[in-house]
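Asks: To start, I am sharing the structure in question, which I have written as structure tokens.
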Amino acid sequence: MEFTVQQIADLLQGKVEGDNLVKVSTLAKIEEATSGALAFLSNLKYESYLYTTGASAVIVSDTLELKKPVSATLIRVGDPYSGFSTLLAYYQQAVLASKTGVEEPCFLGAGSTIGQNHYRGAFSYIGQNCQIGENVRIYPQAYIGDNVKIGDNTTIFAGAKLYANTVVGSNCTIHAGVVLGSDGFGFAPQPDGSYKAVPQIGNVVLEDNVNIGANTTIDCATMGSTIIRKGTKIDNLVQIAHNVEVGQHTVIASQTGISGSAKIGNNCVIAGQVGIVGHINIADKTTIGAQSGVSKSVKETGTIIQGSPAFDYKQNLKAITVFRKLPDLQRVLDELKERK
Amino acid sequence: MEFTVQQIADLLQGKVEGDNLVKVSTLAKIEEATSGALAFLSNLKYESYLYTTGASAVIVSDTLELKKPVSATLIRVGDPYSGFSTLLAYYQQAVLASKTGVEEPCFLGAGSTIGQNHYRGAFSYIGQNCQIGENVRIYPQAYIGDNVKIGDNTTIFAGAKLYANTVVGSNCTIHAGVVLGSDGFGFAPQPDGSYKAVPQIGNVVLEDNVNIGANTTIDCATMGSTIIRKGTKIDNLVQIAHNVEVGQHTVIASQTGISGSAKIGNNCVIAGQVGIVGHINIADKTTIGAQSGVSKSVKETGTIIQGSPAFDYKQNLKAITVFRKLPDLQRVLDELKERK
Amino acid sequence: MEFTVQQIADLLQGKVEGDNLVKVSTLAKIEEATSGALAFLSNLKYESYLYTTGASAVIVSDTLELKKPVSATLIRVGDPYSGFSTLLAYYQQAVLASKTGVEEPCFLGAGSTIGQNHYRGAFSYIGQNCQIGENVRIYPQAYIGDNVKIGDNTTIFAGAKLYANTVVGSNCTIHAGVVLGSDGFGFAPQPDGSYKAVPQIGNVVLEDNVNIGANTTIDCATMGSTIIRKGTKIDNLVQIAHNVEVGQHTVIASQTGISGSAKIGNNCVIAGQVGIVGHINIADKTTIGAQSGVSKSVKETGTIIQGSPAFDYKQNLKAITVFRKLPDLQRVLDELKERK
């Protein structure tokens, strides 16, 4: 894809300063950009790069006063960062949308339907009786088990695996290697010390606008559904166990694990490598610091916790400060004991 | 699959109360069940749901005395929970068993054999000289390298990857995205600061009745075998390094990592996000709390440890209690120092 | 593959003691070896096994004096460990090299080129406009998106997923289930509490001699590249976020996570389950202990840290020693307070 600077300026309702026929084909940071790239300058901390950049064009503010000559063509707009973000979104959308049609061989089971304008990559597998919406992209080697439902405009990247009966909403993104609907980890101890699997016959439900990062795993419910509510974003290598419910617009960073039947509220922020035990409730707008171990319910909205086990993050910070001085504390204490 | 309540009652040797021709096609929790579903009531804490449930039928105890009218047909049995569990197991088994035959295209290498009544999904790959038992289900996009052996009644879900020379016993379940037999992480430092890979020519051996959760990785041994003994259950996203041995009937929860050459005993319970260093031994029946870091061998059977680094869990709990009050301790100590 | 002991001895420039026509077909540890296997004895702690081993042949030192009769044929060399390592490397290389040619069906997109002597397994997918070097092995069900570049002698194991625009150097090994180039976890909070995805249009670049372990995920940069420099070795289930740079010859153990835009130096050693926050710099030759949480930059070369949050590892060890005795400290402190 190649555009003239004038085309970009028209799109952003901006004004060209310099050669309006210069062509750009990619987007880059101003400090890394080379010929053919379009960059932007928003934070004036980076202004010096404007005079040295290799970019063919740079989006700058209406109000910027140049201090030196600039070789790049300028596009002046009200808010350069916002303008550039708009272009980024167009760019990514254009790349995704360029995938349409069906690559052979791929597998479509009996009774399954898929809406118009879709992409099915080679070696993708769709089982029986699936209902798949419009503008859905199913990349190569993705696996969609029987009876799965997928809403419009959802993208399933290469090699993601959706077990039978999974439900995925509209405008979702499922990254490569994700597993949705594997058996919950339920095993009943037997008198002889062995374990017997508890059958897991539920499913996984993702509501609309959910993102799931690469190689994340979400187990099906024992019965009923493991649910991720609308707008929630989950990073890579996260584990969500059976019968968990995660609320709306919650963000969960990489390598966090949530144990069975925990209920996470709306608008929570959970950092990386957090562990949450089973059967507890986390209130709305809870923030949980990285590597925390959450062992009991959080009842108050807006709580911030950290630590393993986690408690109030300010108290935790203070305790950690003293922890580092523990050898000193002990020495002082030993001296005091010796005092008469 | 659809059954009359009478058929279910006959299976469970129970007695029907109400319309014995009502049909059910799924299983559900009593509080979530809708028409067509069969539920159960075991814990009387939930008795109120019996009078409001949408279930078409409910399994209840022989001895239950109704307090109000019930619209669902009842199936009375000695132990409702056990009866329902029996049905769950039948249900899951029926779903699995419904997969038989060979979907094309799939790949079967020269010299490989596979027993009767198997399922091979589309795009599944079986290398050369594999020996695969009866009633084995190999889901789409699973990869079975050369010289792999798999016992009877084992299920390999979609996209699981078994490197060459892996051995899997009977009645095992390998979930989607699992990797068995990838190279152990062995690199010898060179004088120039670079690393040279230590060749990893061993394999992975799973004995009978082993379950491996989604996206878990088990590396091959440098030489010999990384071994998971019979009946052991491993959750999602677990890492088992080269030359590890895990004993029988041990349970390992999600995101735990076991480093090279560690030996884990029988009947251990290892919670989530635990780390175990290499070359140590963990005694039988050891319990390790979540997020623990185990840095030395556990010698006594039945030990319970927690913490990072892990030690006696009761001592750890007490230490944590004081940890949270450390700022107070320091203040008191500072005051005492000032005393004359 | 089968060799006579004489052939092995010639390769290692060693001297045969015993039957030089005995054949060996595999390599094993001296304590586990059975007939047909070649073992070695380097550490004399294991000398007793020499007299009882089932190995057909054993590599021993030139200078070893036998204390008892030995049934295995001996190969005497200057350094038995080094000799055995040489054979291991030959063995692994031979196994890999035995894979050549193209298994059908596999997918090769328009405009893509691949060098001679390659292997493409069944159901492997190569998108459009890829440039792939010589002696490259692409195992079954691997996914190579559009515009990917791969250097010579690189191996991509089964089911690894390389998103569009990924660049992989020469002599790299990418294990099964790895995901390179998935979207970075960037979401801008909106006034209504929802999140909007920040477009991620960068890529992942691996330089030469990089190893990536099974099911590890490396996100693409928002713009520009997430970079792993030459010679770096990354274990299984590691998470590398967008715009991270990892230096040369750094080793990262399993289940570690590195957050966005962190810069890791050369020749660092990062143990398992470590978490590193975003936008910090880790100096060259830093060592980070297992389960550490690194929350700020490490400025001095050769620093060793541990703990969560991490600080000087010796100080951390001392603090932990006192931590375990905290209940005692508190008791002593309580007693002192009571003193008049």
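Naming works like this for the structure tokens: A, B, ... for the chains as they're shown, residue 1 at the start of each chain, ligands 1 onward in shown order.
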Find the nearest atom pair between each residue of chain B and chain C for residues within 8 Å, count only C-alpha atoms, give distances in Å to one decimal, sort rows by chain and ascending number, and present the table as JSON lines.
Replies:
```
{"residue": "B:Pro105", "atom": "CA", "partner": "C:Pro105", "partner_atom": "CA", "distance": 8.0}
{"residue": "B:Phe107", "atom": "CA", "partner": "C:Ala122", "partner_atom": "CA", "distance": 7.2}
{"residue": "B:Phe123", "atom": "CA", "partner": "C:Phe123", "partner_atom": "CA", "distance": 6.3}
{"residue": "B:Tyr125", "atom": "CA", "partner": "C:Pro140", "partner_atom": "CA", "distance": 7.3}
{"residue": "B:Gln141", "atom": "CA", "partner": "C:Gln141", "partner_atom": "CA", "distance": 6.9}
{"residue": "B:Tyr143", "atom": "CA", "partner": "C:Ala158", "partner_atom": "CA", "distance": 7.0}
{"residue": "B:Gly159", "atom": "CA", "partner": "C:Gly159", "partner_atom": "CA", "distance": 7.4}
{"residue": "B:Lys161", "atom": "CA", "partner": "C:Ala158", "partner_atom": "CA", "distance": 6.8}
{"residue": "B:Gly177", "atom": "CA", "partner": "C:Gly177", "partner_atom": "CA", "distance": 6.8}
{"residue": "B:Val179", "atom": "CA", "partner": "C:Ala176", "partner_atom": "CA", "distance": 6.6}
{"residue": "B:Ser182", "atom": "CA", "partner": "C:Ala214", "partner_atom": "CA", "distance": 6.5}
{"residue": "B:Asp183", "atom": "CA", "partner": "C:Gly213", "partner_atom": "CA", "distance": 7.7}
{"residue": "B:Phe185", "atom": "CA", "partner": "C:Asp235", "partner_atom": "CA", "distance": 6.1}
{"residue": "B:Gly193", "atom": "CA", "partner": "C:His249", "partner_atom": "CA", "distance": 6.8}
{"residue": "B:Ser194", "atom": "CA", "partner": "C:His249", "partner_atom": "CA", "distance": 5.3}
{"residue": "B:Tyr195", "atom": "CA", "partner": "C:His249", "partner_atom": "CA", "distance": 6.7}
{"residue": "B:Val198", "atom": "CA", "partner": "C:Ala89", "partner_atom": "CA", "distance": 7.6}
{"residue": "B:Pro199", "atom": "CA", "partner": "C:Ala89", "partner_atom": "CA", "distance": 5.5}
{"residue": "B:Gln200", "atom": "CA", "partner": "C:Gln92", "partner_atom": "CA", "distance": 7.3}
{"residue": "B:Ile201", "atom": "CA", "partner": "C:Gln92", "partner_atom": "CA", "distance": 6.5}
{"residue": "B:Asn215", "atom": "CA", "partner": "C:Asn215", "partner_atom": "CA", "distance": 6.9}
{"residue": "B:Thr217", "atom": "CA", "partner": "C:Ala214", "partner_atom": "CA", "distance": 6.6}
{"residue": "B:Met223", "atom": "CA", "partner": "C:Ala28", "partner_atom": "CA", "distance": 6.0}
{"residue": "B:Gly224", "atom": "CA", "partner": "C:Ala28", "partner_atom": "CA", "distance": 6.6}
{"residue": "B:Leu237", "atom": "CA", "partner": "C:Leu237", "partner_atom": "CA", "distance": 7.4}
{"residue": "B:Gln239", "atom": "CA", "partner": "C:Asn236", "partner_atom": "CA", "distance": 7.2}
{"residue": "B:Gln255", "atom": "CA", "partner": "C:Gln255", "partner_atom": "CA", "distance": 7.9}
{"residue": "B:Gly257", "atom": "CA", "partner": "C:Gln255", "partner_atom": "CA", "distance": 7.4}
{"residue": "B:Gly275", "atom": "CA", "partner": "C:Gln273", "partner_atom": "CA", "distance": 7.3}
{"residue": "B:Gly293", "atom": "CA", "partner": "C:Gln291", "partner_atom": "CA", "distance": 7.3}
{"residue": "B:Ser308", "atom": "CA", "partner": "C:Gln291", "partner_atom": "CA", "distance": 7.9}
{"residue": "B:Gln315", "atom": "CA", "partner": "C:Arg324", "partner_atom": "CA", "distance": 7.3}
{"residue": "B:Asn316", "atom": "CA", "partner": "C:Arg324", "partner_atom": "CA", "distance": 6.9}
{"residue": "B:Lys318", "atom": "CA", "partner": "C:Pro327", "partner_atom": "CA", "distance": 6.4}
{"residue": "B:Ala319", "atom": "CA", "partner": "C:Leu326", "partner_atom": "CA", "distance": 5.3}
{"residue": "B:Val322", "atom": "CA", "partner": "C:Leu326", "partner_atom": "CA", "distance": 6.2}
{"residue": "B:Phe323", "atom": "CA", "partner": "C:Leu326", "partner_atom": "CA", "distance": 7.3}
{"residue": "B:Leu329", "atom": "CA", "partner": "C:Gln330", "partner_atom": "CA", "distance": 7.3}
{"residue": "B:Val332", "atom": "CA", "partner": "C:Leu333", "partner_atom": "CA", "distance": 7.9}
{"residue": "B:Leu333", "atom": "CA", "partner": "C:Leu333", "partner_atom": "CA", "distance": 7.3}
{"residue": "B:Leu336", "atom": "CA", "partner": "C:Lys337", "partner_atom": "CA", "distance": 7.2}
```
Asks: Could you list, as an MDAnalysis selection string, every residue within 7 Å of His242 (chain B), counting only C-alpha atoms and ignoring same-chain residues fewer than 6 positions away?
Replies: chainID B and resid 184 219:222 226 260:261
Asks: Would you return as a VMD selection string the members of region 111-337 of chain B that DSSP assigns to strand (DSSP E) on this structure's backbone?
Replies: chain B and resid 113 to 114 119 to 120 125 to 126 131 to 132 137 to 138 143 to 144 149 to 150 155 to 156 161 to 162 167 to 168 173 to 174 179 to 182 187 to 189 195 to 197 203 to 206 211 to 212 217 to 219 225 to 228 233 to 234 239 to 240 245 to 246 251 to 252 257 to 258 263 to 264 269 to 270 275 to 276 281 to 282 287 to 288 293 to 294 304 to 306 311 to 312
Asks: Using C-alpha atoms, can you write the selected residues to a file as a short mmCIF file (atom, residue, chain, number, x, y, z; two decimals), in the first residue's frame?
Replies:
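Printed below is part_38.cif as written:
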```cif
data_model
loop_
_atom_site.label_atom_id
_atom_site.label_comp_id
_atom_site.auth_asym_id
_atom_site.auth_seq_id
_atom_site.Cartn_x
_atom_site.Cartn_y
_atom_site.Cartn_z
CA THR B 113 0.24 -48.78 12.87
CA ILE B 114 -2.91 -47.74 14.70
CA TYR B 119 -10.33 -41.27 15.29
CA ARG B 120 -7.87 -39.29 13.25
CA TYR B 125 0.11 -35.93 11.47
CA ILE B 126 1.58 -39.28 12.44
CA GLN B 131 2.73 -47.83 17.32
CA ILE B 132 -0.68 -46.60 18.37
CA ARG B 137 -8.54 -40.39 19.34
CA ILE B 138 -6.15 -38.05 17.59
CA TYR B 143 1.41 -33.93 15.67
CA ILE B 144 2.87 -37.33 16.47
CA LYS B 149 4.16 -45.20 21.07
CA ILE B 150 0.65 -44.55 22.38
CA THR B 155 -7.03 -39.02 23.60
CA ILE B 156 -4.73 -36.45 21.97
CA LYS B 161 2.66 -31.91 19.67
CA LEU B 162 4.52 -35.13 20.54
CA VAL B 167 5.93 -42.83 24.83
CA VAL B 168 2.37 -42.32 26.10
CA THR B 173 -5.56 -37.42 28.02
CA ILE B 174 -3.31 -34.87 26.33
CA VAL B 179 4.25 -30.06 23.79
CA LEU B 180 5.96 -33.31 24.80
CA GLY B 181 9.62 -33.91 24.04
CA SER B 182 10.97 -30.48 23.09
CA PHE B 187 23.57 -24.83 27.07
CA ALA B 188 27.26 -24.98 27.89
CA PRO B 189 28.93 -21.55 28.33
CA TYR B 195 26.52 -20.76 24.61
CA LYS B 196 26.65 -24.10 22.85
CA ALA B 197 23.59 -26.34 22.91
CA ASN B 203 12.53 -38.70 25.30
CA VAL B 204 9.38 -38.20 27.38
CA VAL B 205 7.52 -41.15 28.90
CA LEU B 206 3.99 -40.85 30.29
CA ASN B 211 -3.64 -36.20 32.16
CA ILE B 212 -1.76 -33.22 30.74
CA THR B 217 5.39 -28.35 28.05
CA ILE B 218 7.48 -31.38 29.02
CA ASP B 219 11.04 -31.48 27.73
CA SER B 225 13.66 -40.27 29.82
CA THR B 226 11.69 -37.50 31.47
CA ILE B 227 9.05 -39.59 33.23
CA ILE B 228 5.51 -38.93 34.49
CA LYS B 233 -2.57 -35.21 36.72
CA ILE B 234 -0.93 -32.04 35.40
CA GLN B 239 6.70 -26.61 32.66
CA ILE B 240 8.49 -29.91 33.29
CA GLU B 245 10.65 -37.69 37.25
CA VAL B 246 7.19 -37.17 38.70
CA VAL B 251 -1.33 -33.52 41.19
CA ILE B 252 0.37 -30.40 39.76
CA GLY B 257 7.61 -25.13 36.84
CA ILE B 258 9.90 -28.03 37.73
CA LYS B 263 12.50 -36.02 41.36
CA ILE B 264 8.94 -35.58 42.68
CA VAL B 269 -0.06 -32.10 45.78
CA ILE B 270 1.65 -29.12 44.15
CA GLY B 275 8.83 -23.24 41.20
CA ILE B 276 11.05 -26.22 42.05
CA ASN B 281 14.05 -34.76 45.67
CA ILE B 282 10.54 -34.18 46.96
CA THR B 287 2.04 -30.67 49.81
CA ILE B 288 3.44 -27.43 48.36
CA GLY B 293 9.80 -21.57 45.54
CA VAL B 294 11.26 -24.89 46.57
CA ILE B 304 3.62 -29.32 54.01
CA ILE B 305 5.59 -26.28 52.85
CA GLN B 306 4.92 -22.81 51.51
CA PHE B 311 9.62 -23.82 54.50
CA ASP B 312 7.14 -25.26 57.01
#
```
